[in-house]
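Asks: Sharing a structure here in structure tokens format.
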Amino acid sequence: MLTLTQIREQAAPVLAGLQKKHFAGAEAALAEAVALDDRRKAAQLELDTLNARANALAKEIGGLMKAGQKDQAEAAKAESSALKTQAKDLEETLRTTEQALQQLLYTLPNVPHPSVPPGRTPDDNEVVEQVGTLPELFNGAEPHWDIIKRLDLIDFELGTKITGAGFPVYKGKGARLQRALINFFLDQAQAAGYHEILPPIVVNEASGYGTGQLPDKEGQMYQIPVDGLYLIPTAEVPITNLYRDHLAKREDLPYKNAGYTPCFRREAGSWGAHVRGLNRLHQFDKVEIVQVQLPENSYPALEQMCAHVAGLLQQLELPYRRLRLCGGDMSFASALTYDFEVFSAAQKRWLEVSSVSNFETFQANRLKLRTKTEDGKTQLLHTLNGSALALPRIVAALLENNQQPNGHIHLPKALWPYTGFEKI
RNA sequence: GGAGAGAUGGCCGAGUGGUCGAUGGCGCUCGCCUGGAAAGCGGGUAUGCCCCCAAAGGGCAUCAAGGGUUCGAAUCCCUUUCUCUCCGCCA
């Protein structure tokens with residue numbers, strides 16, 4: 001959520017930023033926000049003045065009663081009662097104005113960083129780097145969904161039977177590979193200084209608002225209406241919300257947390273071609289890294305997180321590229337996002353396996369996550385997160401890129417201690 | 001799920017209708033004292049919003065949350081949430 005200070009004091013860059021994100025009606029929305037805020041302040045001032053008078057009267061009455069000046073006390077009571085009626089109306093005005101302002105602010109996306117390229121679609125994303133050589137497969141090489149079936153690693157039909165499409169059942173070495181990857185990613189995160197968290201995988205409504213899933217994107221989450229809870233779409237939600245309503249001590253920063261969770265996404269309306277096999281699922285596993293940083297350190301931290309992700313992909317010996325997302329392709333809450341994609345040799349496609357973002361103060365403002373500056377002023381912190389990494393497409397690439405003419409799959413060395421086997 | 005008790009500032013804890021944003025202690029911090037430290041002494045130490053260019057200063061709100069009674073509520077009443085104890089159920 002943008003702050004009123006941003007909207008008022010950086011009007012031109014904010015407007016340009018919203019336009020870069022292709023937010024329709026940006027100019028009118030910003031003007032409306034300022035107008036609502038003006039109304040809010042006016043109502044607040046009026047109400048405060050009124051309350052100040054009422055408080056003064058209440059104090060007087062005590063004295064008058066003691067002094068036995070009953071008539072004057074009664075007169076003061078009458079005035080105080082009248083003030084109270086007025087205050088009720090003002091409180092109502094203030095409440096509705098604040099609510100309208102809040103609702104409006106919820107609809108405004110974050111302002112992108114100056115380095116974000118313009119553009120609307122994934123084609124406009126900028127390739128920052130590409131690392132590793134694209135593998136040449138032998139004749140008759142299979143896409144991962146055929147490999148999975150032939151080696152009985154993952155059973156999609158069984159998943160459909162017990163739950164529904166997009167909920168795979170991992171079996172044998174397929175299951176073991178999941179566990180190996182999770183442990184590998186967590187160990188790597190720990191080595192990079194992240195504190196391990198195992199959070200709940202359902203969250204309440206307040207947490208959904210904190211990280212920006214709510215309002216608006218509830219259609220993307222599985223819901224438990226009887227209890228008002230949501231299945232998490234990513235560990236970012238519970239781990240970032242650890243710091244909701246939090247005033248951080250400066251010397252404790254940064255916070256660096258990593259956590260494994262299953263992730264649940266309804267993916268309403270996004271099924272079609274190109275989503276076979278592991279390319280898109282309703283439930284998948286992911287290790288997420290999350291940082292809370294002082295504003296001046298957040299962009300170096302973003303680079304550090306990207307380096308961490310790149311290191312994982314190199315150890316897994318997967319060719320990858322890093323993209324800087326364009327204004328139209330980045331998420332609502334992000335100021336700058338890098339996507340990492342691995343090359344899936346049999347599909348001959350790049351698959352997104354990680355998304356690393358700096359949200360600047362956008363989430364912190366919703367979360368009320370702050371610190372004090374040296375001179376005692378309150379300051380919003382910056383939040384960042386990144387996948388490190390999401391499993392399914394990593395598995396797809398590992399299977400496709402490392403398949404041998406004899407039908408086996410060779411696993412990268414880094415995983416051997418975790419799998420207990422070198423090939424499948 | 002049933003019965004009871006409770007929720008106060010970073011922490012502990014006092015406060016049962018009137019100058020209480022809240023005694024006191026701990027912690028933290030600044031100063032004095034000291035060769036230095038400890039002890040001791042003195043000061044400071046919540047959050048949000050608003051007025052103000054800013055600072056200084058001031059106002060309002062907040063004692064789990066929401067509502068009510070009252071001129072006035074941490075204190076009385078109602079609702080909700082959470083915590084603890086006992087019982088029930090249970091990986």
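As shown in the structure tokens, the chain order sets the letters A, B, ...; within each chain, residues go from 1, and ligands are also counted from 1 in the order they appear.
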Could I get the residues of chain B with an atom no further than 6 Å from an atom of chain A, each paired with its nearest atom pair and that distance in Å to one decimal, using only C-alpha atoms (C1' of nucleotides), sorted by chain and residue number, as CSV?
Replies:
```
residue,atom,partner,partner_atom,distance
B:C50,C1',A:Leu45,CA,5.9
B:C60,C1',A:Asp48,CA,4.7
B:C71,C1',A:Lys77,CA,4.4
B:G72,C1',A:Ala58,CA,5.3
```
Asks: Can you list, as a ChimeraX atom specification, every residue of region 179-282 of chain A that DSSP puts in strand (DSSP E or B)?
Replies: /A:195-197,202-204,223-224,229-231,246-248,255-264
Asks: Since we have the selection now, will you write its residues out, keeping C-alpha atoms, as a compact mmCIF listing (two decimals), in the first residue's frame?
Replies:
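As a result, selection-v2.txt now contains:
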```txt
# COMPACT_ATOMS: atom_id res chain seq x y z
CA HIS A 195 16.92 -18.47 9.97
CA GLU A 196 14.72 -21.49 9.38
CA ILE A 197 10.98 -21.14 9.98
CA VAL A 202 -3.23 -21.68 6.72
CA VAL A 203 -3.44 -18.00 7.60
CA ASN A 204 -6.12 -15.59 8.76
CA GLN A 223 -10.45 -20.74 1.45
CA ILE A 224 -11.85 -22.22 4.64
CA LEU A 229 -8.83 -19.00 6.99
CA TYR A 230 -6.89 -19.33 3.75
CA LEU A 231 -4.43 -21.92 2.49
CA HIS A 246 6.08 -4.82 14.62
CA LEU A 247 8.51 -2.10 15.62
CA ALA A 248 11.99 -3.44 14.87
CA TYR A 255 15.71 -10.21 9.49
CA LYS A 256 16.54 -13.11 7.20
CA ASN A 257 14.17 -16.07 7.30
CA ALA A 258 13.72 -19.12 5.13
CA GLY A 259 10.96 -21.66 5.21
CA TYR A 260 9.68 -24.68 3.43
CA THR A 261 5.94 -25.01 2.88
CA PRO A 262 3.57 -26.60 0.45
CA CYS A 263 1.89 -23.88 -1.62
CA PHE A 264 -1.72 -23.91 -2.76
```
Asks: What is the CA of Lys171 (chain A)-CA of Leu398 (chain A) distance in Å, reported with one decimal?
Replies: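 Between these atoms lies a distance of 16.7 Å.
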Asks: Quick one: pull the distance between CA of Ala345 (chain A) and CA of Gln314 (chain A), Å, one decimal.
Replies: 16.2 Å
Asks: What is the distance, in Å and to one decimal place, between CA of Thr96 (chain A) and C1' of G66 (chain B)?
Replies: 16.5 Å
Asks: For G9 (chain B), list every protein, DNA or RNA residue within 12 Å, evaluated using only C-alpha atoms (C1' of nucleotides), and leave out those in the same chain fewer than 3 positions away; present the list as a list in words.
Replies: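 Using only C-alpha atoms (C1' of nucleotides), the neighbours found are C12, G13, G21, A22, U45, A46, U47, U62 and C63 of chain B.
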